[in-house]
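Novice: Below is the file coords_4.tsv, with TSV, C-alpha atoms.
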chain	number	residue	atom	x	y	z
A	70	MET	CA	-0.71	-3.67	27.73
A	71	ASN	CA	2.90	-3.64	28.96
A	72	LYS	CA	5.26	-0.70	28.48
A	73	LYS	CA	7.24	-2.36	25.70
A	74	LEU	CA	4.16	-2.95	23.53
A	75	MET	CA	2.93	0.56	24.26
A	76	LYS	CA	6.30	2.01	23.24
A	77	ASP	CA	6.30	-0.11	20.08
A	78	GLN	CA	2.84	1.16	19.11
A	79	LEU	CA	3.78	4.77	19.79
A	80	ILE	CA	6.86	4.40	17.58
A	81	THR	CA	4.63	3.14	14.75
A	82	TYR	CA	2.19	6.04	15.10
A	83	GLY	CA	5.10	8.45	15.45
A	84	ILE	CA	6.69	7.29	12.18
A	85	VAL	CA	3.42	7.88	10.31
A	86	ILE	CA	2.86	11.30	11.91
A	87	ALA	CA	6.47	12.35	11.31
A	88	ALA	CA	6.22	11.32	7.64
A	89	TYR	CA	2.98	13.31	7.34
A	90	ILE	CA	4.54	16.43	8.88
A	91	ILE	CA	7.58	16.20	6.58
A	92	MET	CA	5.36	15.88	3.50
A	93	GLU	CA	3.20	18.80	4.61
A	94	ILE	CA	6.30	20.96	5.13
A	95	LEU	CA	7.57	20.02	1.66
A	96	ILE	CA	4.17	20.91	0.18
A	97	LYS	CA	3.88	24.23	2.03
A	98	THR	CA	7.40	25.28	1.04
A	99	GLY	CA	6.85	24.30	-2.61
A	100	ASN	CA	9.54	21.60	-2.58
A	101	LEU	CA	7.24	18.78	-3.70
A	102	SER	CA	6.25	18.54	-7.34
A	103	SER	CA	2.59	18.30	-8.33
A	104	HIS	CA	3.28	14.80	-9.64
A	105	MET	CA	4.60	13.64	-6.26
A	106	LYS	CA	1.73	15.36	-4.45
A	107	GLY	CA	-0.67	13.34	-6.58
A	108	LEU	CA	0.98	10.14	-5.36
A	109	LEU	CA	0.54	10.80	-1.64
A	110	VAL	CA	-3.07	9.58	-1.35
A	111	PRO	CA	-2.50	6.40	-3.45
A	112	MET	CA	0.63	5.67	-1.40
A	113	THR	CA	-1.40	5.92	1.80
A	114	TYR	CA	-4.33	3.74	0.72
A	115	TYR	CA	-1.90	1.07	-0.44
A	116	ALA	CA	-0.35	1.24	3.04
A	117	VAL	CA	-3.85	0.81	4.52
A	118	ILE	CA	-4.62	-2.29	2.46
A	119	ALA	CA	-1.14	-3.68	3.26
A	120	VAL	CA	-2.05	-3.39	6.96
A	121	ALA	CA	-5.33	-5.21	6.24
A	122	LEU	CA	-3.62	-8.00	4.32
A	123	ASN	CA	-0.92	-8.41	6.96
A	124	LEU	CA	-3.65	-8.98	9.55
A	125	CYS	CA	-4.98	-11.82	7.40
A	126	VAL	CA	-1.67	-13.31	6.24
A	127	GLY	CA	0.69	-12.49	9.09
A	128	ILE	CA	-1.51	-12.54	12.20
A	129	LEU	CA	-4.26	-14.97	11.17
A	130	GLY	CA	-1.94	-17.09	9.04
A	131	GLU	CA	-4.31	-17.41	6.07
A	132	LEU	CA	-2.96	-16.60	2.60
A	133	SER	CA	-5.40	-14.36	0.76
A	134	ILE	CA	-4.89	-13.02	-2.77
A	135	GLY	CA	-8.37	-11.52	-3.01
A	136	HIS	CA	-8.14	-8.42	-0.86
A	137	CYS	CA	-8.33	-6.20	-3.92
A	138	GLY	CA	-11.86	-7.59	-4.27
A	139	PHE	CA	-12.82	-6.13	-0.88
A	140	MET	CA	-11.15	-2.88	-1.87
A	141	CYS	CA	-13.24	-2.91	-5.06
A	142	ILE	CA	-16.45	-3.45	-3.07
A	143	GLY	CA	-15.65	-0.57	-0.73
A	144	ALA	CA	-14.78	1.67	-3.67
A	145	PHE	CA	-17.94	1.03	-5.70
A	146	PHE	CA	-20.50	1.01	-2.88
A	147	SER	CA	-19.13	4.25	-1.42
A	148	ALA	CA	-18.79	5.92	-4.83
A	149	PHE	CA	-22.36	4.94	-5.71
A	150	PHE	CA	-23.63	6.43	-2.45
A	151	SER	CA	-21.66	9.66	-2.96
A	152	ARG	CA	-22.91	10.08	-6.54
A	153	VAL	CA	-26.56	9.55	-5.55
A	154	THR	CA	-26.42	11.89	-2.54
A	155	GLU	CA	-24.03	14.46	-4.07
A	156	ASN	CA	-26.71	17.15	-4.30
A	157	ILE	CA	-28.54	16.13	-1.13
A	158	LEU	CA	-25.96	15.91	1.66
A	159	PRO	CA	-23.12	18.28	2.64
A	160	THR	CA	-19.61	17.06	1.86
A	161	ALA	CA	-18.44	16.09	5.37
A	162	PRO	CA	-21.41	13.91	6.47
A	163	ARG	CA	-21.70	12.44	2.96
A	164	PHE	CA	-18.06	11.36	2.92
A	165	PHE	CA	-18.32	10.01	6.46
A	166	LEU	CA	-21.39	7.97	5.51
A	167	ALA	CA	-19.61	6.81	2.35
A	168	PHE	CA	-16.86	5.43	4.60
A	169	ILE	CA	-19.40	3.65	6.79
A	170	ILE	CA	-21.13	2.13	3.75
A	171	GLY	CA	-17.90	1.09	2.00
A	172	ILE	CA	-16.48	-0.48	5.16
A	173	ALA	CA	-19.79	-2.17	6.09
A	174	PHE	CA	-20.28	-3.81	2.69
A	175	ALA	CA	-16.66	-4.92	2.49
A	176	ALA	CA	-16.99	-6.44	5.98
A	177	LEU	CA	-20.28	-8.11	5.00
A	178	PHE	CA	-18.73	-9.69	1.91
A	179	GLY	CA	-15.70	-10.66	3.98
A	180	PHE	CA	-17.96	-12.41	6.46
A	181	LEU	CA	-19.98	-14.19	3.76
A	182	ILE	CA	-16.89	-15.24	1.82
A	183	GLY	CA	-15.16	-16.28	5.03
A	184	ILE	CA	-17.83	-18.89	5.83
A	185	PRO	CA	-16.77	-21.30	3.05
A	186	VAL	CA	-13.27	-19.95	2.39
A	187	LEU	CA	-11.87	-20.28	5.90
A	188	ARG	CA	-12.58	-24.00	5.83
A	189	LEU	CA	-9.81	-24.25	3.25
A	190	LYS	CA	-6.09	-24.00	3.91
A	191	GLY	CA	-2.86	-23.05	2.15
A	192	ASP	CA	-2.90	-23.01	-1.65
A	193	TYR	CA	-6.63	-23.76	-1.86
A	194	LEU	CA	-7.50	-20.69	0.18
A	195	ALA	CA	-5.22	-18.52	-1.97
A	196	ILE	CA	-6.85	-19.79	-5.17
A	197	VAL	CA	-10.41	-19.26	-3.90
A	198	THR	CA	-9.69	-15.72	-2.69
A	199	LEU	CA	-8.03	-14.96	-6.02
A	200	ALA	CA	-11.14	-16.21	-7.81
A	201	PHE	CA	-13.32	-14.11	-5.52
A	202	GLY	CA	-11.45	-10.95	-6.48
A	203	GLU	CA	-11.81	-11.73	-10.18
A	204	ILE	CA	-15.54	-12.52	-9.81
A	205	ILE	CA	-16.24	-9.23	-8.04
A	206	LYS	CA	-14.37	-7.31	-10.73
A	207	ASN	CA	-16.21	-9.02	-13.60
A	208	VAL	CA	-19.65	-8.76	-11.97
A	209	ILE	CA	-19.24	-5.01	-11.46
A	210	ASN	CA	-18.12	-4.64	-15.09
A	211	ALA	CA	-21.41	-6.26	-16.17
A	212	ILE	CA	-23.72	-4.07	-14.05
A	213	TYR	CA	-25.66	-1.10	-15.40
A	214	LEU	CA	-27.40	0.88	-12.66
A	215	GLY	CA	-29.35	4.12	-12.92
A	216	VAL	CA	-31.60	6.32	-10.80
A	217	ASP	CA	-34.69	8.31	-11.72
A	218	SER	CA	-37.89	9.53	-10.04
A	219	LYS	CA	-39.15	5.94	-9.86
A	220	GLY	CA	-36.11	4.68	-7.99
A	221	LEU	CA	-33.23	2.36	-8.86
A	222	HIS	CA	-33.00	0.51	-12.19
A	223	ILE	CA	-30.53	-2.29	-12.83
A	224	SER	CA	-29.59	-4.28	-15.92
A	225	LEU	CA	-26.91	-6.82	-16.84
A	226	LYS	CA	-27.24	-6.15	-20.61
A	227	SER	CA	-26.80	-2.46	-21.44
A	228	SER	CA	-27.63	1.05	-20.28
A	229	MET	CA	-30.50	1.16	-22.82
A	230	GLU	CA	-32.19	-1.69	-20.95
A	231	LEU	CA	-32.48	0.44	-17.81
A	232	GLY	CA	-35.55	2.27	-19.14
A	233	LEU	CA	-34.81	5.46	-17.25
A	234	GLU	CA	-37.18	8.43	-17.19
A	235	PRO	CA	-35.96	11.64	-18.92
A	236	ASP	CA	-34.74	12.93	-15.57
A	237	GLY	CA	-32.88	9.69	-14.87
A	238	GLU	CA	-29.14	9.33	-14.56
A	239	ILE	CA	-26.83	6.36	-15.12
A	240	ILE	CA	-24.59	5.86	-12.08
A	241	ILE	CA	-22.79	2.59	-12.91
A	242	ASN	CA	-22.24	2.21	-16.65
A	243	GLY	CA	-20.88	-1.33	-17.04
A	244	ALA	CA	-17.17	-1.51	-17.81
A	245	MET	CA	-17.04	2.31	-17.92
A	246	GLY	CA	-17.77	2.30	-14.19
A	247	ILE	CA	-18.71	5.39	-12.21
A	248	THR	CA	-17.69	8.86	-13.35
A	249	GLY	CA	-17.91	12.13	-11.48
A	250	THR	CA	-17.41	10.81	-7.94
A	251	PRO	CA	-16.80	13.77	-5.59
A	252	HIS	CA	-13.10	14.31	-5.03
A	253	ASP	CA	-13.29	14.18	-1.22
A	254	SER	CA	-10.09	12.28	-0.38
A	255	ASN	CA	-6.95	14.14	0.52
A	256	PHE	CA	-3.63	13.32	2.16
A	257	THR	CA	-4.72	14.36	5.65
A	258	ILE	CA	-7.84	12.17	5.58
A	259	ALA	CA	-5.83	9.27	4.14
A	260	VAL	CA	-3.27	9.51	6.97
A	261	VAL	CA	-6.07	9.62	9.56
A	262	VAL	CA	-7.56	6.46	8.03
A	263	LEU	CA	-4.12	4.82	8.13
A	264	LEU	CA	-3.67	5.74	11.81
A	265	ILE	CA	-7.14	4.39	12.66
A	266	SER	CA	-6.37	1.17	10.78
A	267	LEU	CA	-3.09	0.81	12.68
A	268	PHE	CA	-4.86	1.53	15.98
A	269	VAL	CA	-7.48	-1.16	15.29
A	270	VAL	CA	-5.02	-3.81	14.13
A	271	LEU	CA	-2.27	-3.17	16.72
A	272	ASN	CA	-4.75	-3.15	19.61
A	273	LEU	CA	-6.38	-6.31	18.28
A	274	VAL	CA	-3.01	-8.04	17.95
A	275	ASN	CA	-1.99	-7.10	21.50
A	276	SER	CA	-5.33	-8.03	23.05
A	277	ARG	CA	-6.62	-11.33	24.39
A	278	ASP	CA	-8.46	-11.89	21.10
A	279	GLY	CA	-5.24	-11.22	19.17
A	280	ARG	CA	-3.35	-13.81	21.20
A	281	ALA	CA	-6.15	-16.30	20.52
A	282	ILE	CA	-5.95	-15.52	16.77
A	283	MET	CA	-2.18	-16.11	16.80
A	284	ALA	CA	-2.68	-19.33	18.74
A	285	VAL	CA	-5.05	-20.48	15.98
A	286	ARG	CA	-2.40	-19.49	13.43
A	287	ASP	CA	0.37	-21.43	15.19
A	288	ASN	CA	-1.59	-24.60	15.88
A	289	SER	CA	-5.35	-24.69	15.34
A	290	ILE	CA	-5.74	-28.18	16.83
A	291	ALA	CA	-3.97	-27.23	20.06
A	292	ALA	CA	-5.93	-23.96	20.18
A	293	GLU	CA	-9.23	-25.78	19.80
A	294	ALA	CA	-8.21	-28.27	22.50
A	295	THR	CA	-7.74	-25.38	24.94
A	296	GLY	CA	-11.27	-24.13	24.30
A	297	ILE	CA	-10.54	-21.40	21.75
A	298	ASN	CA	-13.32	-20.86	19.21
A	299	VAL	CA	-11.17	-21.40	16.10
A	300	THR	CA	-13.88	-20.59	13.54
A	301	GLY	CA	-15.06	-17.53	15.44
A	302	TYR	CA	-11.60	-15.99	15.72
A	303	LYS	CA	-10.81	-16.74	12.09
A	304	MET	CA	-14.03	-15.00	11.03
A	305	MET	CA	-13.28	-12.04	13.30
A	306	ALA	CA	-9.80	-11.43	11.88
A	307	PHE	CA	-10.84	-12.04	8.26
A	308	THR	CA	-13.86	-9.71	8.51
A	309	ILE	CA	-11.86	-6.91	10.14
A	310	SER	CA	-9.21	-7.34	7.47
A	311	ALA	CA	-11.85	-7.07	4.71
A	312	ALA	CA	-13.37	-3.98	6.36
A	313	ILE	CA	-10.02	-2.19	6.42
A	314	ALA	CA	-9.48	-3.09	2.76
A	315	GLY	CA	-12.92	-1.54	2.11
A	316	ALA	CA	-11.73	1.69	3.79
A	317	ALA	CA	-8.79	1.75	1.38
A	318	GLY	CA	-11.31	1.38	-1.45
A	319	VAL	CA	-13.28	4.40	-0.22
A	320	LEU	CA	-10.11	6.51	-0.29
A	321	PHE	CA	-9.34	5.18	-3.76
A	322	SER	CA	-12.76	5.91	-5.28
A	323	HIS	CA	-12.92	9.45	-3.88
A	324	ASN	CA	-9.44	10.30	-5.16
A	325	ILE	CA	-10.06	9.71	-8.87
A	326	THR	CA	-12.58	11.10	-11.33
A	327	SER	CA	-13.46	7.88	-13.13
A	328	LEU	CA	-13.77	4.62	-11.20
A	329	THR	CA	-13.60	1.39	-13.22
A	330	ALA	CA	-13.22	-2.20	-12.03
A	331	ALA	CA	-10.03	-2.53	-14.08
A	332	SER	CA	-7.40	-5.22	-13.59
A	333	GLN	CA	-4.84	-2.47	-13.11
A	334	TYR	CA	-6.44	-1.56	-9.78
A	335	PHE	CA	-8.32	-4.66	-8.61
A	336	GLY	CA	-6.88	-7.55	-10.60
A	337	TYR	CA	-4.40	-10.33	-9.97
A	338	ASN	CA	-1.29	-8.17	-10.41
A	339	ALA	CA	-2.58	-5.59	-7.94
A	340	SER	CA	-3.24	-8.31	-5.35
A	341	ILE	CA	0.25	-9.75	-5.84
A	342	MET	CA	1.77	-6.28	-5.52
A	343	ILE	CA	0.10	-5.79	-2.12
A	344	LEU	CA	1.22	-9.26	-1.05
A	345	VAL	CA	4.77	-8.24	-1.99
A	346	TYR	CA	4.45	-5.22	0.32
A	347	VAL	CA	3.43	-7.54	3.15
A	348	VAL	CA	6.14	-10.13	2.55
A	349	LEU	CA	8.95	-7.63	2.15
A	350	GLY	CA	7.77	-5.59	5.13
A	351	GLY	CA	7.70	-8.72	7.25
A	352	ILE	CA	4.83	-11.18	7.64
A	353	GLY	CA	3.16	-10.29	10.92
A	354	ASN	CA	5.09	-7.01	11.11
A	355	ILE	CA	2.39	-4.34	10.75
A	356	ARG	CA	4.80	-1.41	10.86
A	357	GLY	CA	7.05	-3.09	8.30
A	358	SER	CA	4.17	-3.52	5.83
A	359	VAL	CA	3.43	0.22	6.01
A	360	ILE	CA	7.08	1.14	5.43
A	361	ALA	CA	7.42	-1.39	2.59
A	362	ALA	CA	4.24	-0.11	0.90
A	363	VAL	CA	5.50	3.47	1.02
A	364	ILE	CA	8.99	2.65	-0.24
A	365	LEU	CA	7.95	0.25	-2.99
A	366	TYR	CA	5.11	2.46	-4.23
A	367	MET	CA	7.19	5.64	-4.36
A	368	LEU	CA	10.47	4.12	-5.57
A	369	PRO	CA	9.51	3.62	-9.27
A	370	GLU	CA	8.34	7.23	-9.39
A	371	LEU	CA	11.52	8.53	-7.74
A	372	LEU	CA	13.63	6.57	-10.25
A	373	ARG	CA	11.86	7.86	-13.36
A	374	GLY	CA	14.87	9.99	-14.24
A	375	LEU	CA	16.97	6.86	-14.72
A	376	ASN	CA	14.83	5.67	-17.64
A	377	ASN	CA	15.96	2.16	-18.69
A	378	TYR	CA	17.62	1.37	-15.37
A	379	ARG	CA	14.56	2.22	-13.29
A	380	MET	CA	12.98	-1.24	-13.05
A	381	LEU	CA	16.41	-2.89	-12.75
A	382	ILE	CA	17.15	-0.83	-9.64
A	383	TYR	CA	13.62	-1.51	-8.36
A	384	ALA	CA	14.22	-5.28	-8.68
A	385	VAL	CA	17.56	-4.97	-6.88
A	386	VAL	CA	15.88	-3.08	-4.03
A	387	LEU	CA	13.29	-5.86	-3.76
A	388	ILE	CA	16.05	-8.45	-3.44
A	389	VAL	CA	17.98	-6.39	-0.88
A	390	MET	CA	14.85	-5.86	1.23
A	391	MET	CA	14.07	-9.57	1.10
A	392	ILE	CA	17.60	-10.46	2.25
A	393	PHE	CA	17.54	-7.78	4.96
A	394	ASN	CA	14.20	-8.99	6.37
A	395	TRP	CA	14.45	-12.75	5.95
A	396	SER	CA	18.08	-13.90	5.69
A	397	PRO	CA	19.01	-15.77	8.94
A	398	GLY	CA	22.54	-14.36	8.87
A	399	VAL	CA	21.33	-10.77	8.52
A	400	ILE	CA	18.70	-11.29	11.23
A	401	ASP	CA	21.39	-12.59	13.64
A	402	ALA	CA	23.67	-9.65	12.80
A	403	ARG	CA	20.81	-7.20	13.44
A	404	LYS	CA	20.06	-8.80	16.80
A	405	LYS	CA	23.74	-8.64	17.84
A	406	LEU	CA	23.94	-4.99	16.77
A	407	VAL	CA	20.83	-4.10	18.79
A	408	ALA	CA	22.20	-5.99	21.82
A	409	ARG	CA	25.53	-4.11	21.64
A	410	LEU	CA	23.77	-0.77	21.38
A	411	ARG	CA	21.69	-1.59	24.47
A	412	GLU	CA	24.81	-2.64	26.42
A	413	ARG	CA	26.50	0.70	25.67
A	414	ARG	CA	23.54	2.55	27.16
Kindly present the structure from the file in structure tokens form.
Specialist:
Amino acid sequence: MNKKLMKDQLITYGIVIAAYIIMEILIKTGNLSSHMKGLLVPMTYYAVIAVALNLCVGILGELSIGHCGFMCIGAFFSAFFSRVTENILPTAPRFFLAFIIGIAFAALFGFLIGIPVLRLKGDYLAIVTLAFGEIIKNVINAIYLGVDSKGLHISLKSSMELGLEPDGEIIINGAMGITGTPHDSNFTIAVVVLLISLFVVLNLVNSRDGRAIMAVRDNSIAAEATGINVTGYKMMAFTISAAIAGAAGVLFSHNITSLTAASQYFGYNASIMILVYVVLGGIGNIRGSVIAAVILYMLPELLRGLNNYRMLIYAVVLIVMMIFNWSPGVIDARKKLVARLRERR
């Protein structure tokens, strides 16, 4: 890796670490309200899934609107594991294993979905991934799953159909989801997960495999003609992207008391919101997607004091960010400004 790429990566990590230190100082000195403290973990896992989606949309060049489905898979599989082993394993190894399970199942579903989905392109791929997210959400809402001395019991009708022994316990209760998941996530762990996600994605992008993935994105026919395994690299990027989304789901499920497969968290609007983070942060710009996720998630909360004008200002900020990132005139002006600053040095 050349010095410029190394410096660029270090700047990205440095921004995240600096933001973490500032927030910790504000918390320690009592200058951050309890409401804002409660938003730090959600803000971070949305940044993680924005990184995952940018890998798929920006680096691989495949439009996916179903990443909330992978997040949902990671959330439910990890929460189920934590609930079942809550009284068996200590907190640290249990939470670590929950991460492994959530990430592994999200990656597995990403791989299985990628087999048919990555044969599609453009709008068709977006529609299929959107449908996948909705299917996952509705299937989980229909599942009743309990545990007793005889093992696991599952039903698609009701909790009464499980036939649990008196010592049995319902873990997944249909649309009511999972309650009582251990509250293991915190801001420090979330930032560590974000840094690991950035490390994985940035090193992939700047590696030989990353250049092959971007070659597939730019022109798959030319890439295939040069001997690049187009299908293999597509599957690699899509599966890694799904796995990172699963990690965001693990943070999500272990940060709330009651986990439900609700549209608010895993539905169409949530998927579009994350796509907005990616687009406004810059498609293919991993650092930009993190910054956009943080700003756009926190902004509505910071503007709560303005009541009726809150969403109006939010919309204006969206437009300004879009112009700043994508307007050709603004991009030229930014390049000229950077060039002048370098000349003065």
Novice: For a quick check of understanding, using all atoms listed in the file, which of A:Ser396, A:Ile325, A:Met391, A:Gly143 has the smallest distance to Val345 (chain A)?
Specialist: A:Met391
Novice: Any idea what the distance is between CA of Val208 (chain A) and CA of Tyr193 (chain A)?
Specialist: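 Computing the Euclidean distance for CA of Val208 (chain A) and CA of Tyr193 (chain A) yields 22.3 Å.
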Novice: Just the number, please: distance in Å from CA of Val270 (chain A) to CA of Pro111 (chain A), one decimal.
Specialist: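 About the pair CA of Val270 (chain A) and CA of Pro111 (chain A): they are 20.5 Å apart.
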Novice: Could you please give me, as a ChimeraX atom specification, the residues of protein, DNA or RNA lying at most 9 Å from (-13.5, 6.3, -1.6) in the coordinate frame of the file, considering all atoms listed in the file?
Specialist: /A:143-148,151,164,167-168,171,250,252-254,315-325
Novice: Could those selected residues go to a file with C-alpha atoms, as a short mmCIF file (atom, residue, chain, number, x, y, z; two decimals), in the coordinates of the input?
Specialist:
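Result file selection_28.cif:
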data_model
loop_
_atom_site.label_atom_id
_atom_site.label_comp_id
_atom_site.auth_asym_id
_atom_site.auth_seq_id
_atom_site.Cartn_x
_atom_site.Cartn_y
_atom_site.Cartn_z
CA GLY A 143 -15.65 -0.57 -0.73
CA ALA A 144 -14.78 1.67 -3.67
CA PHE A 145 -17.94 1.03 -5.70
CA PHE A 146 -20.50 1.01 -2.88
CA SER A 147 -19.13 4.25 -1.42
CA ALA A 148 -18.79 5.92 -4.83
CA SER A 151 -21.66 9.66 -2.96
CA PHE A 164 -18.06 11.36 2.92
CA ALA A 167 -19.61 6.81 2.35
CA PHE A 168 -16.86 5.43 4.60
CA GLY A 171 -17.90 1.09 2.00
CA THR A 250 -17.41 10.81 -7.94
CA HIS A 252 -13.10 14.31 -5.03
CA ASP A 253 -13.29 14.18 -1.22
CA SER A 254 -10.09 12.28 -0.38
CA GLY A 315 -12.92 -1.54 2.11
CA ALA A 316 -11.73 1.69 3.79
CA ALA A 317 -8.79 1.75 1.38
CA GLY A 318 -11.31 1.38 -1.45
CA VAL A 319 -13.28 4.40 -0.22
CA LEU A 320 -10.11 6.51 -0.29
CA PHE A 321 -9.34 5.18 -3.76
CA SER A 322 -12.76 5.91 -5.28
CA HIS A 323 -12.92 9.45 -3.88
CA ASN A 324 -9.44 10.30 -5.16
CA ILE A 325 -10.06 9.71 -8.87
#
Novice: Edge lengths and centre, in Å to one decimal, as lines of an AutoDock Vina configuration file: that's what I need for the box along x, y and z that holds all listed atoms of region 212-216 of chain A plus 8 Å on each side.
Specialist:
center_x = -27.7
center_y = 1.1
center_z = -13.1
size_x = 23.9
size_y = 26.4
size_z = 20.6
Novice: So, counting all atoms listed in the file, which residue among A:Met283, A:Arg409, A:Phe335, A:Leu371 is closest to Ile128 (chain A)?
Specialist: A:Met283
Novice: Tell me, as an mmCIF file with C-alpha atoms, in the coordinates of the input, which residues lie within 8 Å of region 197-204 of chain A, counting only C-alpha atoms; anything in the same chain fewer than 2 positions away does not count.
Specialist:
data_model
loop_
_atom_site.group_PDB
_atom_site.id
_atom_site.type_symbol
_atom_site.label_atom_id
_atom_site.label_comp_id
_atom_site.auth_asym_id
_atom_site.auth_seq_id
_atom_site.Cartn_x
_atom_site.Cartn_y
_atom_site.Cartn_z
ATOM 1 C CA SER A 133 -5.400 -14.360 0.760
ATOM 2 C CA ILE A 134 -4.890 -13.020 -2.770
ATOM 3 C CA GLY A 135 -8.370 -11.520 -3.010
ATOM 4 C CA HIS A 136 -8.140 -8.420 -0.860
ATOM 5 C CA CYS A 137 -8.330 -6.200 -3.920
ATOM 6 C CA GLY A 138 -11.860 -7.590 -4.270
ATOM 7 C CA PHE A 139 -12.820 -6.130 -0.880
ATOM 8 C CA VAL A 186 -13.270 -19.950 2.390
ATOM 9 C CA TYR A 193 -6.630 -23.760 -1.860
ATOM 10 C CA LEU A 194 -7.500 -20.690 0.180
ATOM 11 C CA ALA A 195 -5.220 -18.520 -1.970
ATOM 12 C CA LYS A 206 -14.370 -7.310 -10.730
ATOM 13 C CA ASN A 207 -16.210 -9.020 -13.600
ATOM 14 C CA VAL A 208 -19.650 -8.760 -11.970
ATOM 15 C CA PHE A 335 -8.320 -4.660 -8.610
ATOM 16 C CA GLY A 336 -6.880 -7.550 -10.600
ATOM 17 C CA TYR A 337 -4.400 -10.330 -9.970
#
Novice: Extract, using all atoms listed in the file, all DNA, RNA and protein residues at most 10 Å from Thr329 (chain A), discarding same-chain residues fewer than 2 positions from it, and format them as an MDAnalysis selection string.
Specialist: chainID A and resid 141 144:145 206 209:210 241:248 322 326:327 331:335
Novice: Could you produce a table of the residues of region 332-366 of chain A lying within 10 Å of region 83-98 of chain A, with the nearest pair of atoms per residue and their separation in Å rounded to one decimal, using all atoms listed in the file, ordered by chain and increasing residue number, as a tab-separated table?
Specialist:
residue	atom	partner	partner_atom	distance
A:Arg356	CA	A:Ile84	CA	9.0
A:Val359	CA	A:Val85	CA	8.8
A:Ile360	CA	A:Val85	CA	9.1
Novice: Applying 7 Å and only C-alpha atoms, which residues near Leu225 (chain A) remain after dropping the ones on its own chain fewer than 4 positions away? List them as a list of chain:residue names.
Specialist: A:Ala211, A:Ile212, A:Tyr213
Novice: Under the rule that only C-alpha atoms are counted, which of A:Ile223, A:Met140, A:Leu181, A:Val348 is the nearest residue to Ile388 (chain A)?
Specialist: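 When distances to Ile388 (chain A) are compared using only C-alpha atoms, the smallest one comes from A:Val348.
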Novice: Between A:Ala176, A:Val216, A:Tyr346, A:Leu381, which one has atoms that come closest to Phe150 (chain A), using only C-alpha atoms?
Specialist: A:Val216
Novice: Region 237-286 of chain A near region 306-309 of chain A within 12 Å: what's each residue's closest atom pair and its distance in Å to one decimal, counting only C-alpha atoms, ordered by chain then ascending residue number, as JSON lines?
Specialist:
{"residue": "A:Ser266", "atom": "CA", "partner": "A:Ile309", "partner_atom": "CA", "distance": 9.8}
{"residue": "A:Leu267", "atom": "CA", "partner": "A:Ile309", "partner_atom": "CA", "distance": 12.0}
{"residue": "A:Val269", "atom": "CA", "partner": "A:Ile309", "partner_atom": "CA", "distance": 8.9}
{"residue": "A:Val270", "atom": "CA", "partner": "A:Ile309", "partner_atom": "CA", "distance": 8.5}
{"residue": "A:Leu273", "atom": "CA", "partner": "A:Ala306", "partner_atom": "CA", "distance": 8.9}
{"residue": "A:Val274", "atom": "CA", "partner": "A:Ala306", "partner_atom": "CA", "distance": 9.7}
{"residue": "A:Asp278", "atom": "CA", "partner": "A:Ala306", "partner_atom": "CA", "distance": 9.3}
{"residue": "A:Gly279", "atom": "CA", "partner": "A:Ala306", "partner_atom": "CA", "distance": 8.6}
{"residue": "A:Arg280", "atom": "CA", "partner": "A:Ala306", "partner_atom": "CA", "distance": 11.6}
{"residue": "A:Ala281", "atom": "CA", "partner": "A:Ala306", "partner_atom": "CA", "distance": 10.6}
{"residue": "A:Ile282", "atom": "CA", "partner": "A:Ala306", "partner_atom": "CA", "distance": 7.4}
{"residue": "A:Met283", "atom": "CA", "partner": "A:Ala306", "partner_atom": "CA", "distance": 10.2}
{"residue": "A:Val285", "atom": "CA", "partner": "A:Ala306", "partner_atom": "CA", "distance": 11.0}
{"residue": "A:Arg286", "atom": "CA", "partner": "A:Ala306", "partner_atom": "CA", "distance": 11.1}
Novice: Suppose you want the space between CA of Ser102 (chain A) and CA of Leu328 (chain A); what is it in Å?
Specialist: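 CA of Leu328 (chain A) lies 24.7 Å from CA of Ser102 (chain A).
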Novice: Could you list, as a list in words, every residue within 12 Å of Ile352 (chain A), counting only C-alpha atoms and ignoring same-chain residues fewer than 4 positions away?
Specialist: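 Once the nearby chain positions are removed, what remains is Ala119, Val120, Ala121, Leu122, Asn123, Leu124, Cys125, Val126, Gly127, Ile128, Leu129, Gly130, Glu131, Leu132, Leu344, Val345, Tyr346, Val347, Val348, Arg356, Gly357, Ser358, Val359, Ala361, Met391, Asn394 and Trp395 of chain A.
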Novice: Restricting the calculation to all atoms listed in the file, which member of A:Ile297, A:Leu231, A:Leu365, A:Ile142 is positioned closest to Arg277 (chain A)?
Specialist: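 Of the candidates, the smallest distance to Arg277 (chain A) is held by A:Ile297.
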Novice: Smallest atom-to-atom distance to Leu221 (chain A): which of A:Ala161, A:Thr81, A:Val153, A:Arg188, using all atoms listed in the file?
Specialist: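 Using all atoms listed in the file, Leu221 (chain A) sits closest to A:Val153.
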Novice: Should you be able to, write region 174-178 of chain A of this structure into a file that contains N, CA and C atoms, as a PDB file, in the first residue's frame.
Specialist:
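Generated output (selection-v6.pdb):
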ATOM      1  N   PHE A 174     -24.249 -16.041  10.231  1.00  0.00           N
ATOM      2  CA  PHE A 174     -25.535 -16.298   9.580  1.00  0.00           C
ATOM      3  C   PHE A 174     -25.878 -15.214   8.554  1.00  0.00           C
ATOM      4  N   ALA A 175     -25.525 -13.975   8.863  1.00  0.00           N
ATOM      5  CA  ALA A 175     -25.759 -12.913   7.875  1.00  0.00           C
ATOM      6  C   ALA A 175     -24.924 -13.166   6.619  1.00  0.00           C
ATOM      7  N   ALA A 176     -23.668 -13.590   6.812  1.00  0.00           N
ATOM      8  CA  ALA A 176     -22.807 -13.902   5.661  1.00  0.00           C
ATOM      9  C   ALA A 176     -23.359 -15.093   4.879  1.00  0.00           C
ATOM     10  N   LEU A 177     -23.853 -16.112   5.609  1.00  0.00           N
ATOM     11  CA  LEU A 177     -24.408 -17.290   4.937  1.00  0.00           C
ATOM     12  C   LEU A 177     -25.615 -16.908   4.075  1.00  0.00           C
ATOM     13  N   PHE A 178     -26.522 -16.114   4.651  1.00  0.00           N
ATOM     14  CA  PHE A 178     -27.685 -15.681   3.872  1.00  0.00           C
ATOM     15  C   PHE A 178     -27.248 -14.791   2.714  1.00  0.00           C
TER      16      PHE A 178
END
